[in-house]
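*Asks:* Next up is a structure, given as structure tokens.
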Amino acid sequence: MALKGNIFSGLVTFEVAARLGSFTKTAMHLHITTGAISQQISLLESQLSIKLFERHSRGINLTDDGYKLYQAVKRNFSDIENTIDDIKQGQSLDGEIKLKLTPSFAYKWLIPRLQKFYNLYPNISIQTYAEGALVDYQDRSFDLAIDYGQSPYLNQHAELLLREQFIPVMSPSYFKRFNWQDNSVAHQKNLWQSVTLLHDAMPWRHAEKHAEWYYWFAQMKIKAESNQGHFFNRTDMAMAAAEAGLGIALARSALVAEDFKHGRLMSPFQAIEANTGYYIIQHRTSAVIQCFKSWLLAESYSVE
């Protein structure tokens with residue numbers, strides 16, 4: 001049933017009465033008359049069609065149904081109080097975090113979400129540095145770094161933030177140029193000879209410039225030349241080229257959701273596990289840093 005405003009008000013009164021075990025004490029606690037308390041509880045019982053209290057000359061006792069409801073109300077009121085306390089504590093946190101990460105992850109994933117963080121923690125400032133395609137995770141002048149790499153990541157102390165998937169993407173106009181439904185060997189061979197591949201040529205340290213497409217073809221059991229097409233040093237540049245109709249980019253799922261949503265890019269394929277991910281490398285510890293790191297992990301869980 002949908003709970004209306006007066007029911008919520010009645011539940012507040014009910015929680016106090018159940019906790020104190022007395023309408024008189026409840027009236028004193030809420031600064032209203034005992035008669036008003038009795039009327040509110042009677043109205044709530046009528047609205048819920050549940051008898052909540054046994055009334056007798058010595059006072060009141062919860063019924064079995066009333067006890068069940070009290071446990072649920074108490075638990076949820078406690079959750080609300082804890083959440084309010086967390087928010088207030090977060091607002092009182094004050095400090096600055098220096099974060100280093102790839103431009104692609106900054107533009108496509110982090111920045112669109114940052115306002116949510118600032119709404120919760122207005123006194124924390126995130127100084128974001130997205131200097132190049134590869135992140136120097138050993139640079140200890142930063143508090144945190146977020147780097148993209150193969151799993152397992154080369155730094156054993158890094159913490160996985162977000163597991164990645166690969167999905168080929170293209171503009172709607174480029175999609176219409178080819179028949180993606182014909183899975184015959186002859187057609188597939190001709191198809192992959194005809195399309196132009198768009199690459200992130202620097203996905204991680206020491207990677208071959210066609211490493212991601214090579215991996216995708218192998219996983220899909222497609223015989224095609226992966227070392228052809230146009231090469232870029234950032235994945236968001238390859239995705240921009242795909243949006244412009246230059247060919248097909250092998251996108252990372254975490255970075256492409258908004259492009260799919262707005263129809264800028266599309267795909268005839270399902271995403272597959274990439275055996276890669278984004279990793280957090282932490283150089284310093286503080287309440288502010290831990291707060292931001294916990295928020296990052298919560299955001300990544302909501303995506304997955």
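Residue names in the structure tokens use chain letters A, B, ... in the order shown, residue numbers from 1 in each chain, and ligand numbers from 1 in the order shown.
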Which polymer residues have any atom within 7 Å of an atom of range 200-205 of chain A, counting only C-alpha atoms, with same-chain residues fewer than 4 positions away left out, as a PyMOL selection string?

*Replies:* chain A and resi 133-134+148-149+209-210+231-235+238

*Asks:* At a cut-off of 10 Å, using only C-alpha atoms, what residues contact Arg140 in chain A? Leave out same-chain residues fewer than 4 positions from it and give the result as a short mmCIF file (atom, residue, chain, number, x, y, z; two decimals) with N, CA, C and O atoms, in the first residue's frame.

*Replies:*
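Contents of out-v8.cif, freshly written:
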data_model
loop_
_atom_site.label_atom_id
_atom_site.label_comp_id
_atom_site.auth_asym_id
_atom_site.auth_seq_id
_atom_site.Cartn_x
_atom_site.Cartn_y
_atom_site.Cartn_z
N ASP A 136 51.29 7.92 -14.48
CA ASP A 136 52.46 7.56 -13.68
C ASP A 136 51.97 7.32 -12.25
O ASP A 136 51.95 8.22 -11.42
N LEU A 144 45.98 10.24 -4.73
CA LEU A 144 45.38 9.07 -5.38
C LEU A 144 45.67 9.11 -6.87
O LEU A 144 45.82 10.18 -7.46
N ALA A 145 45.74 7.93 -7.47
CA ALA A 145 45.81 7.82 -8.92
C ALA A 145 44.80 6.77 -9.36
O ALA A 145 44.53 5.81 -8.63
N ILE A 281 45.29 3.68 -6.96
CA ILE A 281 46.56 3.59 -6.26
C ILE A 281 46.59 4.72 -5.25
O ILE A 281 46.44 5.90 -5.61
N GLN A 282 46.75 4.38 -3.97
CA GLN A 282 46.66 5.36 -2.88
C GLN A 282 48.04 5.59 -2.27
O GLN A 282 48.72 4.66 -1.85
N HIS A 283 48.44 6.87 -2.20
CA HIS A 283 49.75 7.22 -1.66
C HIS A 283 49.67 7.81 -0.25
O HIS A 283 50.67 7.82 0.46
N ARG A 284 48.50 8.35 0.13
CA ARG A 284 48.34 8.95 1.45
C ARG A 284 47.01 8.51 2.04
O ARG A 284 46.10 8.10 1.31
#

*Asks:* Taking into account only C-alpha atoms, which residue in the set A:Gly247, A:Pro112, A:Asn155, A:Lys176 is nearest to Ser194 in chain A?

*Replies:* A:Gly247

*Asks:* For Leu161 in chain A, please output as a ChimeraX atom specification all residues within 9 Å (counting only C-alpha atoms; exclusion window: fewer than 4 positions along the same chain).

*Replies:* /A:146,277-280,296-297,300-301

*Asks:* Which distance in Å separates CA of Val256 in chain A and CA of Lys108 in chain A, to one decimal?

*Replies:*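 The value is 7.5 Å.
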
*Asks:* Excluding range 64-72 of chain A and its own-chain neighbours fewer than 2 positions away, which residues fall within 7 Å of it when counting only C-alpha atoms? Please give them as a VMD selection string.

*Replies:* chain A and resid 15 18 51 to 53 62 74 to 76

*Asks:* Using only N, CA, C and O atoms, please write the residues we just selected to a file, as a CSV table (one decimal), in the first residue's frame.

*Replies:*
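Output file again-v2.csv is given in full below:
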chain,number,residue,atom,x,y,z
A,15,GLU,N,5.9,4.9,17.1
A,15,GLU,CA,7.3,4.5,17.5
A,15,GLU,C,7.6,4.9,18.9
A,15,GLU,O,8.2,4.2,19.7
A,18,ALA,N,5.4,2.9,21.4
A,18,ALA,CA,5.9,1.6,21.6
A,18,ALA,C,7.2,1.5,22.4
A,18,ALA,O,7.4,0.6,23.2
A,51,LYS,N,-4.5,-4.0,14.6
A,51,LYS,CA,-4.6,-3.6,16.0
A,51,LYS,C,-3.1,-3.6,16.5
A,51,LYS,O,-2.5,-4.6,16.5
A,52,LEU,N,-2.7,-2.4,17.0
A,52,LEU,CA,-1.3,-2.3,17.4
A,52,LEU,C,-1.1,-2.4,18.9
A,52,LEU,O,0.0,-2.9,19.3
A,53,PHE,N,-2.0,-2.0,19.7
A,53,PHE,CA,-1.9,-2.0,21.1
A,53,PHE,C,-3.1,-2.7,21.8
A,53,PHE,O,-4.2,-2.6,21.3
A,62,LEU,N,2.0,-3.9,23.3
A,62,LEU,CA,2.0,-4.1,21.9
A,62,LEU,C,1.4,-5.5,21.6
A,62,LEU,O,1.6,-6.5,22.3
A,74,LYS,N,11.4,1.0,13.9
A,74,LYS,CA,12.6,1.3,14.6
A,74,LYS,C,13.8,1.2,13.8
A,74,LYS,O,14.7,2.0,13.8
A,75,ARG,N,13.9,0.1,13.0
A,75,ARG,CA,15.0,-0.2,12.1
A,75,ARG,C,15.2,0.9,11.1
A,75,ARG,O,16.3,1.4,10.8
A,76,ASN,N,14.1,1.3,10.4
A,76,ASN,CA,14.1,2.2,9.4
A,76,ASN,C,14.4,3.7,9.9
A,76,ASN,O,15.1,4.4,9.2

*Asks:* Restricting the calculation to only C-alpha atoms, which member of A:Ile248, A:Pro268, A:Ala158, A:Trp109 is positioned closest to His230 in chain A?

*Replies:* A:Ile248

*Asks:* Using backbone DSSP assignments, extract all helix (DSSP H, G or I) residues from range 15-137 of chain A; output them as a ChimeraX atom specification.

*Replies:* /A:15-20,23-30,34-48,64-92,103-120

*Asks:* Enter the distance from CA of Ala36 in chain A to CA of Phe77 in chain A, in Å, rounded to one decimal.

*Replies:*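 Taking CA of Ala36 in chain A and CA of Phe77 in chain A, their separation equals 22.3 Å.
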
*Asks:* Skip Lys98 in chain A itself and residues of its chain fewer than 4 positions away, then list as a PyMOL selection string all residues within 9 Å of it, counting only C-alpha atoms.

*Replies:* chain A and resi 125-129+141-145

*Asks:* Please measure the separation of CA of Ala130 in chain A and CA of Asn227 in chain A, giving the value in Å to one decimal.

*Replies:*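 Here the two named atoms are 27.8 Å from each other.
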
*Asks:* Per DSSP on the backbone, what are the strand (DSSP E or B) residues of range 71-220 of chain A, as number ranges by chain?

*Replies:* A: 95-101, 124-129, 144-150, 159-170, 197-200

*Asks:* Go ahead and save the picked residues with N, CA and C atoms, as an mmCIF file, in the first residue's frame.

*Replies:*
data_model
loop_
_atom_site.group_PDB
_atom_site.id
_atom_site.type_symbol
_atom_site.label_atom_id
_atom_site.label_comp_id
_atom_site.auth_asym_id
_atom_site.auth_seq_id
_atom_site.Cartn_x
_atom_site.Cartn_y
_atom_site.Cartn_z
ATOM 1 N N GLY A 95 38.877 19.648 3.190
ATOM 2 C CA GLY A 95 40.223 19.353 2.726
ATOM 3 C C GLY A 95 40.311 19.297 1.217
ATOM 4 N N GLU A 96 41.493 18.954 0.748
ATOM 5 C CA GLU A 96 41.784 18.922 -0.685
ATOM 6 C C GLU A 96 42.417 17.585 -1.027
ATOM 7 N N ILE A 97 42.060 17.055 -2.188
ATOM 8 C CA ILE A 97 42.617 15.796 -2.666
ATOM 9 C C ILE A 97 43.245 16.022 -4.032
ATOM 10 N N LYS A 98 44.461 15.548 -4.210
ATOM 11 C CA LYS A 98 45.122 15.604 -5.511
ATOM 12 C C LYS A 98 44.977 14.240 -6.175
ATOM 13 N N LEU A 99 44.307 14.251 -7.319
ATOM 14 C CA LEU A 99 43.968 13.016 -8.020
ATOM 15 C C LEU A 99 44.568 13.037 -9.423
ATOM 16 N N LYS A 100 45.231 11.968 -9.788
ATOM 17 C CA LYS A 100 45.794 11.829 -11.135
ATOM 18 C C LYS A 100 45.097 10.673 -11.836
ATOM 19 N N LEU A 101 44.712 10.882 -13.097
ATOM 20 C CA LEU A 101 44.000 9.846 -13.836
ATOM 21 C C LEU A 101 44.108 10.110 -15.329
ATOM 22 N N ILE A 124 34.956 19.508 0.482
ATOM 23 C CA ILE A 124 36.103 18.767 -0.036
ATOM 24 C C ILE A 124 36.355 19.204 -1.481
ATOM 25 N N SER A 125 37.586 19.519 -1.782
ATOM 26 C CA SER A 125 37.960 19.946 -3.131
ATOM 27 C C SER A 125 38.806 18.859 -3.795
ATOM 28 N N ILE A 126 38.418 18.469 -5.010
ATOM 29 C CA ILE A 126 39.167 17.469 -5.766
ATOM 30 C C ILE A 126 39.993 18.184 -6.835
ATOM 31 N N GLN A 127 41.316 18.168 -6.675
ATOM 32 C CA GLN A 127 42.212 18.732 -7.678
ATOM 33 C C GLN A 127 42.561 17.622 -8.667
ATOM 34 N N THR A 128 42.005 17.718 -9.874
ATOM 35 C CA THR A 128 42.098 16.632 -10.848
ATOM 36 C C THR A 128 43.158 16.950 -11.903
ATOM 37 N N TYR A 129 44.062 15.987 -12.121
ATOM 38 C CA TYR A 129 45.126 16.131 -13.119
ATOM 39 C C TYR A 129 45.015 14.975 -14.101
ATOM 40 N N LEU A 144 45.976 10.243 -4.732
ATOM 41 C CA LEU A 144 45.379 9.072 -5.376
ATOM 42 C C LEU A 144 45.672 9.109 -6.866
ATOM 43 N N ALA A 145 45.744 7.935 -7.466
ATOM 44 C CA ALA A 145 45.810 7.822 -8.921
ATOM 45 C C ALA A 145 44.796 6.773 -9.358
ATOM 46 N N ILE A 146 44.216 6.988 -10.539
ATOM 47 C CA ILE A 146 43.341 5.984 -11.149
ATOM 48 C C ILE A 146 43.941 5.646 -12.502
ATOM 49 N N ASP A 147 44.323 4.392 -12.670
ATOM 50 C CA ASP A 147 44.987 3.966 -13.901
ATOM 51 C C ASP A 147 44.217 2.817 -14.533
ATOM 52 N N TYR A 148 44.372 2.702 -15.844
ATOM 53 C CA TYR A 148 43.742 1.623 -16.611
ATOM 54 C C TYR A 148 44.812 0.607 -16.981
ATOM 55 N N GLY A 149 44.501 -0.665 -16.814
ATOM 56 C CA GLY A 149 45.486 -1.677 -17.168
ATOM 57 C C GLY A 149 44.901 -3.068 -17.174
ATOM 58 N N GLN A 150 45.754 -4.009 -17.560
ATOM 59 C CA GLN A 150 45.339 -5.402 -17.600
ATOM 60 C C GLN A 150 45.207 -5.958 -16.182
ATOM 61 N N GLU A 159 43.909 -1.143 -5.919
ATOM 62 C CA GLU A 159 42.570 -1.686 -5.634
ATOM 63 C C GLU A 159 41.680 -1.516 -6.857
ATOM 64 N N LEU A 160 41.037 -2.595 -7.265
ATOM 65 C CA LEU A 160 40.174 -2.542 -8.442
ATOM 66 C C LEU A 160 38.995 -1.612 -8.195
ATOM 67 N N LEU A 161 38.848 -0.633 -9.038
ATOM 68 C CA LEU A 161 37.713 0.284 -8.972
ATOM 69 C C LEU A 161 36.579 -0.191 -9.866
ATOM 70 N N LEU A 162 36.916 -0.571 -11.089
ATOM 71 C CA LEU A 162 35.873 -0.884 -12.061
ATOM 72 C C LEU A 162 36.418 -1.881 -13.075
ATOM 73 N N ARG A 163 35.783 -3.024 -13.168
ATOM 74 C CA ARG A 163 36.159 -4.016 -14.167
ATOM 75 C C ARG A 163 35.608 -3.590 -15.527
ATOM 76 N N GLU A 164 36.400 -3.758 -16.587
ATOM 77 C CA GLU A 164 35.968 -3.257 -17.894
ATOM 78 C C GLU A 164 35.472 -4.360 -18.834
ATOM 79 N N GLN A 165 34.703 -3.910 -19.834
ATOM 80 C CA GLN A 165 34.247 -4.746 -20.940
ATOM 81 C C GLN A 165 34.507 -4.003 -22.239
ATOM 82 N N PHE A 166 34.701 -4.763 -23.315
ATOM 83 C CA PHE A 166 34.900 -4.178 -24.645
ATOM 84 C C PHE A 166 33.615 -4.310 -25.465
ATOM 85 N N ILE A 167 33.334 -3.272 -26.251
ATOM 86 C CA ILE A 167 32.215 -3.334 -27.186
ATOM 87 C C ILE A 167 32.528 -2.452 -28.394
ATOM 88 N N PRO A 168 32.465 -3.001 -29.612
ATOM 89 C CA PRO A 168 32.698 -2.188 -30.807
ATOM 90 C C PRO A 168 31.565 -1.175 -30.982
ATOM 91 N N VAL A 169 31.919 0.072 -31.291
ATOM 92 C CA VAL A 169 30.912 1.125 -31.437
ATOM 93 C C VAL A 169 31.141 1.888 -32.727
ATOM 94 N N MET A 170 30.053 2.450 -33.235
ATOM 95 C CA MET A 170 30.107 3.204 -34.495
ATOM 96 C C MET A 170 28.954 4.188 -34.526
ATOM 97 N N LEU A 197 39.101 0.086 -38.672
ATOM 98 C CA LEU A 197 39.218 -0.023 -37.225
ATOM 99 C C LEU A 197 39.822 1.250 -36.644
ATOM 100 N N LEU A 198 39.316 1.643 -35.496
ATOM 101 C CA LEU A 198 39.825 2.807 -34.765
ATOM 102 C C LEU A 198 40.391 2.302 -33.449
ATOM 103 N N HIS A 199 41.627 2.679 -33.143
ATOM 104 C CA HIS A 199 42.347 2.094 -32.012
ATOM 105 C C HIS A 199 42.724 3.130 -30.965
ATOM 106 N N ASP A 200 42.704 2.689 -29.702
ATOM 107 C CA ASP A 200 43.486 3.341 -28.660
ATOM 108 C C ASP A 200 44.848 2.657 -28.712
#

*Asks:* Excluding Gln181 in chain A and its own-chain neighbours fewer than 3 positions away, which residues fall within 12 Å of it when counting only C-alpha atoms? Please give them as a list in words.

*Replies:* Phe175, Lys176, Phe178, Ser184, His187, Gln188, Leu191, Pro268 and Phe269 of chain A

*Asks:* Contacts of Gly21 in chain A at 7 Å or less, counting only C-alpha atoms, minus same-chain residues fewer than 2 places along, as a ChimeraX atom specification?

*Replies:* /A:17-19,60-61

*Asks:* Counting only C-alpha atoms, figure out which residue out of A:Ser294, A:Asn179, A:Ser22, A:Ser104 gets nearest to His56 in chain A.

*Replies:*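 Ranking A:Ser294, A:Asn179, A:Ser22, A:Ser104 by distance to His56 in chain A, first place goes to A:Ser22.
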